[in-house]
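*Asks:* Contents of work06.cif (mmCIF, C-alpha atoms) are given next:
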data_coords
#
loop_
_atom_site.label_atom_id
_atom_site.label_comp_id
_atom_site.auth_asym_id
_atom_site.auth_seq_id
_atom_site.Cartn_x
_atom_site.Cartn_y
_atom_site.Cartn_z
CA MET F 7 7.16 -12.49 -20.20
CA SER F 8 5.05 -9.38 -20.32
CA ALA F 9 1.30 -9.32 -19.73
CA GLY F 10 -0.85 -10.21 -22.69
CA GLN F 11 1.81 -12.51 -24.12
CA LEU F 12 1.71 -16.30 -24.44
CA ARG F 13 4.94 -18.30 -24.42
CA LEU F 14 5.28 -20.74 -27.32
CA CYS F 15 8.75 -22.19 -26.98
CA HIS F 16 12.45 -21.46 -26.64
CA ARG F 17 14.33 -20.18 -29.67
CA ASP F 18 16.46 -23.36 -29.63
CA ASP F 19 13.35 -25.52 -30.01
CA ILE F 20 13.27 -24.64 -33.72
CA PRO F 21 16.43 -25.73 -35.52
CA GLU F 22 17.71 -23.85 -38.54
CA GLY F 23 15.61 -24.68 -41.61
CA ALA F 24 12.82 -26.27 -39.57
CA ALA F 25 9.24 -25.35 -38.78
CA ARG F 26 7.09 -26.23 -35.81
CA GLY F 27 3.51 -25.62 -34.83
CA PHE F 28 2.47 -24.53 -31.34
CA LEU F 29 -0.97 -24.15 -29.81
CA PRO F 30 -0.73 -20.83 -27.95
CA LEU F 31 -3.31 -22.13 -25.44
CA PRO F 32 -4.57 -25.71 -25.06
CA ASP F 33 -8.01 -24.79 -26.42
CA ALA F 34 -6.84 -22.36 -29.12
CA PRO F 35 -8.46 -22.98 -32.50
CA ARG F 36 -5.26 -22.77 -34.53
CA ASN F 37 -1.56 -23.44 -34.19
CA VAL F 38 1.03 -20.74 -34.66
CA ILE F 39 3.71 -21.88 -37.11
CA VAL F 40 7.26 -20.77 -36.33
CA VAL F 41 9.91 -21.17 -39.05
CA ASN F 42 13.65 -20.68 -38.54
CA ARG F 43 15.27 -19.37 -41.70
CA GLY F 44 18.91 -18.33 -41.40
CA GLY F 45 18.55 -17.78 -37.66
CA GLN F 46 15.56 -15.49 -38.14
CA LEU F 47 12.20 -16.66 -36.83
CA HIS F 48 9.02 -16.06 -38.82
CA ALA F 49 5.57 -16.86 -37.47
CA TYR F 50 2.17 -17.26 -39.14
CA MET F 51 -1.23 -18.60 -38.23
CA ASP F 52 -1.66 -22.23 -39.32
CA SER F 53 -4.53 -21.17 -41.53
CA CYS F 54 -4.44 -21.45 -45.30
CA PRO F 55 -6.24 -18.46 -46.89
CA HIS F 56 -7.66 -20.65 -49.67
CA TYR F 57 -10.97 -21.17 -47.87
CA ARG F 58 -12.90 -18.69 -45.75
CA GLY F 59 -12.02 -19.18 -42.12
CA GLY F 60 -8.72 -20.78 -43.02
CA THR F 61 -7.73 -24.45 -42.79
CA PRO F 62 -4.77 -26.21 -41.11
CA MET F 63 -1.82 -26.77 -43.43
CA ALA F 64 0.49 -29.54 -42.18
CA TRP F 65 0.10 -33.16 -43.23
CA ARG F 66 1.63 -34.40 -40.01
CA LYS F 67 2.58 -32.67 -36.79
CA ASP F 68 5.12 -29.93 -37.66
CA ALA F 69 5.18 -30.89 -41.38
CA TYR F 70 4.67 -27.33 -42.64
CA LEU F 71 7.42 -27.03 -45.27
CA ASP F 72 7.68 -28.46 -48.77
CA ALA F 73 10.13 -31.32 -49.38
CA GLU F 74 13.04 -28.96 -50.12
CA GLY F 75 12.31 -26.75 -47.10
CA ALA F 76 12.10 -23.77 -49.46
CA HIS F 77 8.50 -22.75 -48.80
CA ILE F 78 5.73 -23.10 -46.29
CA ALA F 79 3.32 -25.54 -47.94
CA CYS F 80 -0.38 -26.14 -47.44
CA HIS F 81 -0.81 -29.88 -47.74
CA ALA F 82 -4.53 -29.51 -48.37
CA HIS F 83 -4.17 -28.34 -51.98
CA GLY F 84 -0.45 -27.78 -52.47
CA ALA F 85 -0.24 -23.99 -52.05
CA LEU F 86 3.29 -22.67 -51.46
CA PHE F 87 4.06 -19.58 -49.40
CA ASP F 88 7.18 -17.41 -49.16
CA ILE F 89 8.76 -17.97 -45.74
CA GLU F 90 9.83 -14.31 -45.32
CA THR F 91 6.60 -12.62 -46.43
CA GLY F 92 3.87 -15.27 -46.14
CA ALA F 93 2.72 -14.49 -49.70
CA CYS F 94 1.29 -17.36 -51.73
CA VAL F 95 3.64 -17.96 -54.67
CA SER F 96 1.89 -20.99 -56.17
CA GLY F 97 -1.42 -22.77 -55.82
CA PRO F 98 -5.06 -22.02 -55.18
CA CYS F 99 -4.65 -18.87 -53.05
CA LEU F 100 -2.34 -16.89 -55.36
CA GLY F 101 -2.50 -13.22 -54.42
CA ARG F 102 -3.29 -13.95 -50.77
CA LYS F 103 -1.05 -14.13 -47.72
CA LEU F 104 -0.71 -16.06 -44.54
CA THR F 105 -1.54 -14.07 -41.41
CA ARG F 106 1.75 -13.01 -39.85
CA VAL F 107 2.08 -13.29 -36.07
CA PRO F 108 4.44 -10.90 -34.29
CA LEU F 109 6.98 -12.73 -32.12
CA SER F 110 8.63 -11.38 -28.99
CA GLU F 111 11.89 -12.80 -27.76
CA ALA F 112 12.89 -12.47 -24.10
CA PRO F 113 16.55 -12.21 -23.02
CA ASP F 114 16.48 -15.90 -22.04
CA GLY F 115 15.39 -16.89 -25.58
CA SER F 116 11.72 -17.47 -24.75
CA ILE F 117 9.47 -16.85 -27.75
CA SER F 118 5.99 -15.48 -27.16
CA VAL F 119 3.03 -14.18 -29.12
CA PRO F 120 0.22 -11.70 -28.32
CA ALA F 121 -2.56 -13.39 -26.37
CA GLN F 122 -5.25 -12.52 -28.90
CA VAL F 123 -3.59 -14.96 -31.29
CA ALA F 124 -5.13 -17.79 -29.26
CA GLY F 125 -8.61 -16.66 -30.25
CA ARG F 126 -7.93 -16.03 -33.88
CA ALA F 127 -9.02 -18.77 -36.25
CA ALA F 128 -9.61 -16.86 -39.43
CA ARG F 129 -7.12 -15.03 -41.52
CA GLU F 130 -7.23 -11.26 -41.41
CA SER F 131 -8.58 -9.86 -44.63
CA MET W 27 -19.22 -48.92 -71.73
CA ARG W 28 -18.50 -51.25 -68.84
CA ILE W 29 -16.18 -49.02 -66.82
CA ILE W 30 -15.96 -49.93 -63.13
CA GLY W 31 -13.99 -47.06 -61.59
CA PRO W 32 -10.48 -46.07 -60.56
CA ASP W 33 -8.04 -48.97 -60.10
CA TYR W 34 -5.03 -46.76 -59.33
CA LEU W 35 -4.18 -43.08 -59.06
CA VAL W 36 -0.56 -42.27 -59.94
CA PHE W 37 1.38 -39.45 -58.28
CA GLY W 38 4.82 -37.95 -58.83
CA VAL W 39 5.75 -36.78 -55.34
CA ASP W 40 8.19 -34.30 -53.80
CA ASP W 41 8.69 -36.20 -50.58
CA LEU W 42 8.95 -39.91 -51.38
CA GLU W 43 9.82 -41.13 -47.90
CA GLY W 44 7.15 -38.98 -46.25
CA SER W 45 4.58 -40.21 -48.76
CA LYS W 46 5.51 -43.84 -48.14
CA THR W 47 5.12 -43.44 -44.39
CA TYR W 48 1.83 -41.60 -44.85
CA LEU W 49 0.27 -44.19 -47.15
CA LYS W 50 1.30 -47.07 -44.93
CA ASP W 51 -0.03 -45.35 -41.83
CA PHE W 52 -3.26 -44.59 -43.71
CA GLY W 53 -3.71 -48.36 -43.87
CA LEU W 54 -2.54 -49.25 -47.38
CA LYS W 55 -0.17 -52.15 -48.06
CA PRO W 56 3.14 -51.33 -49.80
CA VAL W 57 4.09 -53.29 -52.92
CA GLN W 58 7.35 -52.30 -54.60
CA LEU W 59 6.74 -52.20 -58.37
CA ASP W 60 10.31 -51.51 -59.56
CA ASP W 61 13.34 -49.42 -58.55
CA THR W 62 11.41 -46.17 -58.29
CA GLY W 63 7.74 -47.04 -57.94
CA TRP W 64 5.55 -48.24 -55.12
CA LEU W 65 1.92 -49.29 -55.11
CA TYR W 66 0.02 -48.82 -51.86
CA GLU W 67 -2.97 -51.06 -52.11
CA ALA W 68 -6.31 -51.45 -50.40
CA LEU W 69 -7.65 -54.90 -49.57
CA ASP W 70 -9.08 -55.40 -53.08
CA GLY W 71 -5.82 -54.46 -54.82
CA THR W 72 -6.83 -50.94 -55.93
CA GLY W 73 -4.73 -48.08 -54.63
CA VAL W 74 -2.19 -45.32 -55.10
CA ILE W 75 1.07 -45.52 -57.07
CA ILE W 76 3.87 -43.11 -56.16
CA ARG W 77 7.16 -42.29 -57.82
CA PRO W 78 9.59 -39.40 -57.37
CA LYS W 79 8.28 -36.48 -59.43
CA SER W 80 11.41 -36.55 -61.64
CA ASP W 81 10.88 -40.22 -62.60
CA PRO W 82 10.92 -40.36 -66.44
CA SER W 83 8.53 -43.33 -66.45
CA LEU W 84 5.74 -41.03 -65.23
CA PRO W 85 3.33 -39.40 -67.67
CA ALA W 86 3.96 -35.67 -68.11
CA PRO W 87 2.82 -33.47 -65.21
CA LEU W 88 -0.10 -31.08 -65.37
CA GLU W 89 0.83 -27.43 -65.87
CA THR W 90 -0.12 -26.81 -62.24
CA LYS W 91 1.91 -28.05 -59.28
CA ASN W 92 -0.63 -30.80 -58.62
CA MET W 93 1.17 -34.13 -58.17
CA LEU W 94 -1.48 -36.30 -59.89
CA ARG W 95 0.12 -37.82 -62.99
CA GLN W 96 -2.35 -40.43 -64.22
CA GLN W 97 -5.73 -41.94 -63.44
CA ILE W 98 -5.95 -45.66 -64.18
CA TYR W 99 -9.46 -47.02 -64.63
CA GLY W 100 -10.61 -50.60 -64.49
CA VAL W 101 -13.11 -52.00 -67.01
CA GLU W 102 -14.91 -55.33 -67.00
CA ASP W 103 -13.28 -57.02 -69.98
CA ALA W 104 -11.24 -56.65 -73.17
CA GLY W 105 -14.39 -55.90 -75.12
CA ALA W 106 -14.86 -52.72 -73.09
CA LEU W 107 -11.31 -51.66 -73.96
CA ASP W 108 -12.03 -52.19 -77.67
CA GLU W 109 -15.12 -50.04 -77.35
CA ILE W 110 -13.20 -47.25 -75.61
CA GLU W 111 -10.40 -47.44 -78.17
CA ALA W 112 -12.86 -47.15 -81.06
CA GLU W 113 -14.58 -44.14 -79.48
CA MET W 114 -11.43 -42.30 -78.43
CA SER W 115 -9.55 -42.92 -81.66
CA LYS W 116 -12.08 -40.70 -83.43
CA ASP W 117 -10.37 -37.53 -82.28
CA ARG W 118 -7.15 -38.28 -80.37
CA ARG W 119 -4.10 -40.45 -80.19
CA VAL W 120 -4.70 -43.64 -78.25
CA THR W 121 -1.76 -45.83 -77.25
CA ARG W 122 -2.37 -49.55 -76.88
CA LEU W 123 0.15 -50.97 -74.39
CA SER W 124 1.55 -54.50 -74.52
CA ASP W 125 -0.77 -55.64 -71.73
CA GLY W 126 -3.78 -54.49 -73.76
CA SER W 127 -4.44 -51.34 -71.74
CA LEU W 128 -5.11 -47.95 -73.36
CA GLU W 129 -3.57 -44.57 -72.70
CA PHE W 130 -4.82 -41.18 -73.84
CA LYS W 131 -5.58 -37.70 -72.55
CA ASP W 132 -9.03 -36.40 -71.72
CA ASP W 133 -10.30 -33.08 -73.08
CA LEU W 134 -8.69 -31.11 -70.23
CA GLY W 135 -5.25 -32.73 -70.46
CA PHE W 136 -5.56 -35.25 -67.63
CA GLU W 137 -3.63 -38.44 -68.42
CA LEU W 138 -5.83 -41.54 -68.37
CA ARG W 139 -5.25 -45.26 -68.67
CA PHE W 140 -7.92 -47.93 -69.02
CA GLN W 141 -7.24 -51.58 -68.24
CA VAL W 142 -9.12 -54.77 -67.50
CA THR W 143 -9.60 -54.24 -63.80
CA ILE W 144 -7.06 -55.67 -61.38
CA ARG W 145 -9.45 -55.51 -58.45
CA ARG W 146 -9.88 -58.70 -56.46
CA GLU W 147 -13.34 -59.68 -55.35
CA LEU W 148 -13.72 -59.11 -51.62
CA SER W 149 -15.75 -61.35 -49.39
CA MET W 150 -16.02 -59.59 -46.05
CA PRO W 151 -18.99 -58.62 -43.90
CA ALA W 152 -20.11 -55.00 -43.70
CA GLU W 153 -20.31 -53.45 -40.28
CA LYS W 154 -23.10 -55.17 -38.42
CA ILE W 155 -25.52 -53.35 -36.14
CA ASN W 156 -28.32 -54.30 -33.80
CA ALA W 157 -31.51 -52.29 -33.45
CA PRO W 158 -34.93 -52.87 -31.91
CA GLY W 159 -37.50 -53.89 -34.47
CA ALA W 160 -35.01 -55.52 -36.81
CA PRO W 161 -33.30 -58.89 -36.65
CA ALA W 162 -29.99 -58.66 -34.77
CA GLN W 163 -27.08 -58.58 -37.19
CA ARG W 164 -24.54 -59.76 -34.63
CA ALA W 165 -24.90 -63.16 -33.01
CA PRO W 166 -25.13 -63.46 -29.21
CA ASN W 167 -21.71 -62.76 -27.68
CA GLU W 168 -20.40 -61.25 -30.93
CA LEU W 169 -18.83 -57.90 -29.99
CA GLY W 170 -19.21 -54.65 -31.91
CA VAL W 171 -15.83 -53.16 -31.05
CA THR W 172 -12.47 -54.32 -29.75
CA ASP W 173 -9.27 -52.38 -29.18
CA ASP W 174 -7.46 -54.31 -31.88
CA MET W 175 -10.25 -54.38 -34.45
CA ALA W 176 -9.19 -54.13 -38.07
CA ALA W 177 -10.01 -50.88 -39.86
CA LEU W 178 -8.32 -51.02 -43.24
CA PRO W 179 -9.30 -49.36 -46.52
CA ARG W 180 -11.15 -51.92 -48.64
CA SER W 181 -11.29 -50.31 -52.06
CA LEU W 182 -10.43 -47.11 -53.92
CA SER W 183 -13.82 -45.42 -54.05
CA HIS W 184 -13.62 -42.14 -55.93
CA VAL W 185 -11.51 -39.30 -57.20
CA VAL W 186 -12.36 -35.62 -57.06
CA LEU W 187 -10.85 -33.27 -59.62
CA PHE W 188 -10.47 -29.52 -59.84
CA VAL W 189 -11.46 -28.70 -63.41
CA PRO W 190 -11.31 -25.38 -65.26
CA ASP W 191 -13.99 -26.28 -67.82
CA MET W 192 -16.94 -28.15 -66.37
CA ASP W 193 -18.97 -28.50 -69.58
CA LYS W 194 -16.03 -30.01 -71.40
CA VAL W 195 -15.20 -32.58 -68.73
CA VAL W 196 -18.82 -33.62 -68.17
CA ARG W 197 -19.41 -34.00 -71.90
CA PHE W 198 -16.26 -36.09 -72.15
CA PHE W 199 -17.13 -38.49 -69.33
CA CYS W 200 -20.87 -38.73 -70.09
CA ASP W 201 -21.06 -38.53 -73.88
CA ARG W 202 -17.85 -40.35 -74.68
CA LEU W 203 -17.41 -42.79 -71.79
CA GLY W 204 -21.00 -43.42 -70.75
CA PHE W 205 -20.90 -42.02 -67.20
CA VAL W 206 -24.14 -40.70 -65.68
CA VAL W 207 -24.65 -37.70 -63.39
CA THR W 208 -26.16 -38.83 -60.08
CA ASP W 209 -26.47 -35.45 -58.30
CA VAL W 210 -25.27 -31.87 -58.70
CA LEU W 211 -23.98 -29.40 -56.14
CA THR W 212 -24.67 -26.15 -57.96
CA GLY W 213 -21.67 -23.86 -57.81
CA ALA W 214 -19.28 -26.76 -57.30
CA GLY W 215 -20.17 -29.49 -59.74
CA PRO W 216 -21.67 -32.91 -60.51
CA PHE W 217 -21.22 -36.41 -59.08
CA LEU W 218 -20.75 -39.14 -61.69
CA ARG W 219 -20.80 -42.90 -61.79
CA PRO W 220 -19.76 -45.19 -64.64
CA GLN W 221 -22.01 -47.91 -66.11
CA ALA W 222 -20.45 -50.89 -64.36
CA ASN W 223 -20.56 -49.44 -60.85
CA ASP W 224 -23.66 -48.75 -58.76
CA ASP W 225 -21.87 -46.52 -56.19
CA HIS W 226 -23.34 -43.01 -55.97
CA HIS W 227 -20.11 -41.61 -57.38
CA THR W 228 -16.67 -42.55 -58.56
CA HIS W 229 -16.13 -38.92 -59.64
CA PHE W 230 -16.91 -35.47 -58.39
CA PHE W 231 -15.81 -32.39 -60.29
CA ILE W 232 -15.24 -28.97 -58.76
CA ARG W 233 -15.09 -25.90 -60.98
CA THR W 234 -11.90 -23.88 -60.34
CA PRO W 235 -9.54 -21.51 -62.12
CA ALA W 236 -7.06 -23.17 -64.50
CA TYR W 237 -4.14 -22.66 -62.12
CA MET W 238 -5.74 -25.14 -59.72
CA GLN W 239 -6.40 -27.99 -62.15
CA GLY W 240 -5.63 -31.33 -60.55
CA CYS W 241 -6.78 -33.81 -57.94
CA GLU W 242 -8.58 -32.43 -54.89
CA HIS W 243 -9.00 -35.70 -53.06
CA LEU W 244 -9.33 -39.43 -53.35
CA ALA W 245 -11.30 -41.73 -51.11
CA PHE W 246 -11.22 -45.31 -49.90
CA HIS W 247 -14.26 -47.29 -48.81
CA MET W 248 -14.19 -48.65 -45.27
CA GLY W 249 -16.33 -51.45 -43.84
CA GLY W 250 -18.70 -49.08 -42.07
CA PRO W 251 -18.88 -45.92 -39.96
CA THR W 252 -17.20 -47.52 -36.96
CA GLU W 253 -14.22 -48.68 -39.03
CA LEU W 254 -14.03 -45.21 -40.55
CA MET W 255 -13.88 -43.55 -37.15
CA VAL W 256 -11.50 -46.10 -35.69
CA ALA W 257 -9.14 -45.65 -38.66
CA GLY W 258 -9.40 -41.86 -38.47
CA ASP W 259 -8.85 -41.81 -34.73
CA ARG W 260 -5.76 -43.99 -35.07
CA PHE W 261 -4.49 -41.74 -37.87
CA VAL W 262 -4.93 -38.57 -35.78
CA ARG W 263 -3.10 -40.24 -32.91
CA LYS W 264 -0.14 -40.85 -35.22
CA GLY W 265 0.10 -37.08 -35.73
CA TYR W 266 -1.75 -36.65 -39.03
CA GLN W 267 -3.83 -33.57 -39.73
CA SER W 268 -7.59 -33.86 -40.04
CA PHE W 269 -9.03 -31.49 -42.64
CA TRP W 270 -12.79 -32.12 -42.51
CA GLY W 271 -14.77 -34.64 -40.55
CA PRO W 272 -15.81 -37.07 -39.37
CA GLY W 273 -19.27 -36.44 -40.74
CA ARG W 274 -21.80 -37.76 -43.17
CA HIS W 275 -22.48 -36.32 -46.60
CA LYS W 276 -25.99 -35.79 -47.90
CA PHE W 277 -25.41 -36.61 -51.57
CA GLY W 278 -24.22 -40.20 -51.57
CA SER W 279 -25.01 -40.56 -47.82
CA ASN W 280 -21.41 -41.64 -47.27
CA TRP W 281 -19.63 -41.05 -44.00
CA PHE W 282 -16.45 -39.05 -44.53
CA TRP W 283 -13.21 -38.03 -42.86
CA TYR W 284 -10.60 -36.08 -44.82
CA PHE W 285 -6.89 -35.66 -44.03
CA ASN W 286 -4.10 -33.52 -45.45
CA SER W 287 -1.30 -35.45 -47.15
CA PRO W 288 2.24 -35.01 -48.48
CA LEU W 289 0.82 -35.79 -51.94
CA GLY W 290 -0.83 -32.36 -51.90
CA VAL W 291 -4.34 -33.81 -52.03
CA HIS W 292 -6.76 -34.94 -49.37
CA PHE W 293 -7.14 -38.58 -48.48
CA GLU W 294 -10.62 -39.56 -47.40
CA TYR W 295 -11.95 -42.52 -45.51
CA ASP W 296 -15.53 -43.08 -46.64
CA ALA W 297 -18.18 -45.62 -45.69
CA ASP W 298 -21.71 -46.69 -46.49
CA MET W 299 -22.33 -44.90 -49.79
CA ASP W 300 -25.71 -45.03 -51.55
CA LYS W 301 -26.19 -47.31 -54.54
CA HIS W 302 -28.09 -46.26 -57.63
CA ASP W 303 -29.47 -47.67 -60.84
CA ASP W 304 -30.52 -46.05 -64.08
CA SER W 305 -33.96 -45.14 -62.76
CA TRP W 306 -32.41 -42.56 -60.40
CA VAL W 307 -33.13 -38.91 -61.17
CA ALA W 308 -30.31 -36.53 -60.24
CA ARG W 309 -30.97 -34.01 -57.48
CA GLU W 310 -29.58 -30.52 -57.35
CA ALA W 311 -28.72 -28.35 -54.35
CA PRO W 312 -26.66 -25.18 -53.92
CA ASN W 313 -23.14 -26.03 -52.72
CA GLY W 314 -22.40 -25.01 -49.15
CA PRO W 315 -22.28 -26.31 -45.57
CA GLU W 316 -25.98 -27.21 -45.51
CA ALA W 317 -25.92 -29.32 -48.66
CA SER W 318 -22.52 -30.86 -47.96
CA GLN W 319 -23.37 -32.83 -44.87
CA ILE W 320 -26.16 -34.03 -42.63
CA PHE W 321 -23.85 -33.47 -39.63
CA LEU W 322 -20.22 -32.63 -38.94
CA LEU W 323 -18.17 -33.68 -35.93
CA GLN W 324 -14.63 -33.02 -34.80
CA TRP W 325 -12.04 -35.27 -33.18
CA ARG W 326 -11.13 -34.72 -29.53
CA GLU W 327 -9.02 -36.47 -26.96
CA LYS W 328 -10.68 -39.35 -25.15
CA TRP W 329 -12.59 -38.12 -22.12
CA ALA W 330 -15.07 -39.54 -19.67
CA PRO W 331 -17.34 -38.00 -17.09
CA SER W 332 -15.78 -38.90 -13.78
CA GLY W 333 -15.00 -37.46 -10.40
CA GLY W 334 -17.19 -35.71 -7.91
CA PRO W 335 -20.08 -33.36 -8.58
CA GLU W 336 -17.86 -30.36 -7.82
CA GLY W 337 -15.61 -31.26 -10.73
CA GLY W 338 -12.96 -32.95 -8.61
CA SER W 339 -10.72 -35.52 -10.19
CA GLY W 340 -12.22 -38.33 -8.18
CA ALA W 341 -8.70 -39.63 -7.63
#
As a first step, turn the structure in this file into structure tokens.
*Replies:*
Amino acid sequence: MSAGQLRLCHRDDIPEGAARGFLPLPDAPRNVIVVNRGGQLHAYMDSCPHYRGGTPMAWRKDAYLDAEGAHIACHAHGALFDIETGACVSGPCLGRKLTRVPLSEAPDGSISVPAQVAGRAARES
Amino acid sequence: MRIIGPDYLVFGVDDLEGSKTYLKDFGLKPVQLDDTGWLYEALDGTGVIIRPKSDPSLPAPLETKNMLRQQIYGVEDAGALDEIEAEMSKDRRVTRLSDGSLEFKDDLGFELRFQVTIRRELSMPAEKINAPGAPAQRAPNELGVTDDMAALPRSLSHVVLFVPDMDKVVRFFCDRLGFVVTDVLTGAGPFLRPQANDDHHTHFFIRTPAYMQGCEHLAFHMGGPTELMVAGDRFVRKGYQSFWGPGRHKFGSNWFWYFNSPLGVHFEYDADMDKHDDSWVAREAPNGPEASQIFLLQWREKWAPSGGPEGGSGA
């Protein structure tokens, strides 16, 4: 793992169609959500853009998707987000997006994120 | 009009099994109503009814994705239902069901039902505290906390709705159903209580765009702040996501702790809300962090100061 990167998990820790949340550091303010869609991993800050500063979206640990697994869902007010783009497609934050987190994958399958993610609570405007 | 407050809130859910687990873990008791419906009840029998969102026995959904399908209110007696029927029949269709209850829509399209309340009278002590200068509330050797202490929701307290037209909804509840405004958070909206309930609020309305219309949260009364925090702590430890709290609101003085839910609304534990009578004059304050709470805390793992002065483990 290169400098300035924080390891979240191994690629195999996120089964196809599933989502999981990881704290990049134990005292980080927000989880990073990683979703596996068709073998491709997408990552966003666990921070619904509905309210300033962002709010956590799961209703239970790792419960980030809607019942069909078709969208990322904020279980605060029911907003749905496109898994590929992070754009809100329904709900209170229409027109806004989740903050995408760039993922790096090492040859051994380790998934990591830039270290500054651990200090980022708010969405980027 | 002798309206008491919400008996049940009815939801058509996406994730039935997840919702059942959530409501049970929140502390509500499951009662199967029929093949597709479950009531999760608080100790006084009020609660939340869930069905799969495709269930044809549910009232029509809102135009938004909000999963709230009906609000069911309890009134004191059949006379109150007659009064509501007479008032509502002036300008809308009112359906009288075989059990005597009434169904109609409010002026914003929310589905309502009114019934003679199903709530059971509770006889339980409130949380008891001891303080210098006042008689002790707990007897000698009576403990304040135990690991296995009960901390279950006692009663459905209030519902908070996102509404696109504040004037319309307030006129409807106050002018047509006899609710009174107890306080106003300017920029958000008013708190309301009905005539047969002295709680600070059974309703709070928040002004939003039309695409957000629906339920924002619902709350259950707990036996006191300690029960609220014990219940919330247990809920966090089961993996549920805190949204706001624990803390204590200013308007209403109630302790609060809000959680995300698979029903797409927040579930709140509340405790120790103010009581009011008709002599109360509503206050007004600009909505925001200062007006919303007297203090706000955040859950953390259990910890204790231990070990040596140099920060050693002490092991």
*Asks:* Could you tell me, as an MDAnalysis selection string, exactly which residues end up selected when the PyMOL selection byres ((chain F) within 10 of (chain W)) is applied to this structure?
*Replies:* chainID F and resid 61:70 72:74 79:86 96:100
*Asks:* How many Å lie between atom CA of W:Leu35 and atom CA of W:Ser183, rounded to one decimal?
*Replies:* 11.1 Å
*Asks:* Would you compute the distance between atom CA of W:Asp125 and atom CA of W:Ile144? Give it in Å to one decimal.
*Replies:* 12.1 Å
*Asks:* Work out how far apart atom CA of W:Ile30 and atom CA of W:Ala104 are and give it in Å to one decimal.
*Replies:*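 Computing the Euclidean distance for atom CA of W:Ile30 and atom CA of W:Ala104 yields 13.0 Å.
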*Asks:* Using the chain letters and numbers from the file, which residues does the PyMOL selection byres ((chain W and resi 133) around 12) grab, as a PDB file with C-alpha atoms, keeping the file's coordinate frame?
*Replies:*
ATOM      1  CA  MET W 114     -11.430 -42.300 -78.430  1.00  0.00           C
ATOM      2  CA  ASP W 117     -10.370 -37.530 -82.280  1.00  0.00           C
ATOM      3  CA  ARG W 118      -7.150 -38.280 -80.370  1.00  0.00           C
ATOM      4  CA  ARG W 119      -4.100 -40.450 -80.190  1.00  0.00           C
ATOM      5  CA  PHE W 130      -4.820 -41.180 -73.840  1.00  0.00           C
ATOM      6  CA  LYS W 131      -5.580 -37.700 -72.550  1.00  0.00           C
ATOM      7  CA  ASP W 132      -9.030 -36.400 -71.720  1.00  0.00           C
ATOM      8  CA  LEU W 134      -8.690 -31.110 -70.230  1.00  0.00           C
ATOM      9  CA  GLY W 135      -5.250 -32.730 -70.460  1.00  0.00           C
ATOM     10  CA  PHE W 136      -5.560 -35.250 -67.630  1.00  0.00           C
ATOM     11  CA  GLU W 137      -3.630 -38.440 -68.420  1.00  0.00           C
ATOM     12  CA  LEU W 138      -5.830 -41.540 -68.370  1.00  0.00           C
ATOM     13  CA  VAL W 189     -11.460 -28.700 -63.410  1.00  0.00           C
ATOM     14  CA  PRO W 190     -11.310 -25.380 -65.260  1.00  0.00           C
ATOM     15  CA  ASP W 191     -13.990 -26.280 -67.820  1.00  0.00           C
ATOM     16  CA  MET W 192     -16.940 -28.150 -66.370  1.00  0.00           C
ATOM     17  CA  ASP W 193     -18.970 -28.500 -69.580  1.00  0.00           C
ATOM     18  CA  LYS W 194     -16.030 -30.010 -71.400  1.00  0.00           C
ATOM     19  CA  VAL W 195     -15.200 -32.580 -68.730  1.00  0.00           C
ATOM     20  CA  VAL W 196     -18.820 -33.620 -68.170  1.00  0.00           C
ATOM     21  CA  ARG W 197     -19.410 -34.000 -71.900  1.00  0.00           C
ATOM     22  CA  PHE W 198     -16.260 -36.090 -72.150  1.00  0.00           C
ATOM     23  CA  PHE W 199     -17.130 -38.490 -69.330  1.00  0.00           C
ATOM     24  CA  ARG W 202     -17.850 -40.350 -74.680  1.00  0.00           C
TER      25      ARG W 202
END
*Asks:* Near F:Gly23, counting all atoms listed in the file, which residues have an atom at most 10 Å away, once you skip same-chain residues fewer than 4 positions from it, shown as a PyMOL selection string?
*Replies:* chain F and resi 41-47+71+74-76
*Asks:* Restricting the calculation to only C-alpha atoms, which member of F:Pro32, F:Gly27, F:Gly101, F:Gly92 is positioned closest to F:Asp52?
*Replies:* F:Gly27
*Asks:* Could you tell me which of F:Ala124, F:Asp114, F:His48, F:Val107 comes closest to F:Leu12 if we count only C-alpha atoms?
*Replies:*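 Nearest candidate to F:Leu12 out of F:Ala124, F:Asp114, F:His48, F:Val107: F:Ala124.
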*Asks:* Axis-aligned box over every listed atom of stretch 261-268 of chain W, padded by 8 Å per side: centre and edges in Å to one decimal, as AutoDock Vina command-line options?
*Replies:*
--center_x -3.7 --center_y -37.7 --center_z -36.5 --size_x 23.7 --size_y 24.2 --size_z 23.1
*Asks:* Would you write out, as a PyMOL selection string, every residue that the PyMOL selection byres ((chain F and resi 106) around 9) captures in this file?
*Replies:* chain F and resi 48-51+91-92+103-105+107-108
*Asks:* List the neighbours of F:Arg36 out to 9 Å using all atoms listed in the file; skip same-chain residues closer than 2 positions along the sequence, and give me the result as a PyMOL selection string.
*Replies:* chain F and resi 28-30+33-34+38+51-53+61-62+123-128
*Asks:* Identify which of the residues W:Trp306, W:Phe140, W:Trp283, W:Tyr66 lies closest to W:His247, counting all atoms listed in the file when measuring atom-to-atom distances.
*Replies:* W:Trp283
*Asks:* Enumerate, as a PyMOL selection string, the protein, DNA and RNA residues whose atoms approach (-13.9, -42.3, -57.2) to within 8 Å, taking into account all atoms listed in the file and the coordinate frame of the file.
*Replies:* chain W and resi 31-32+182-186+227-230+244-245
*Asks:* Would you kindly return, as a list in words, each protein, DNA or RNA residue with an atom no farther than 6 Å from any atom of W:Glu129, considering all atoms listed in the file and excluding same-chain residues fewer than 2 positions away?
*Replies:*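 Those residues are Val120, Thr121, Leu138 and Arg139 of chain W.
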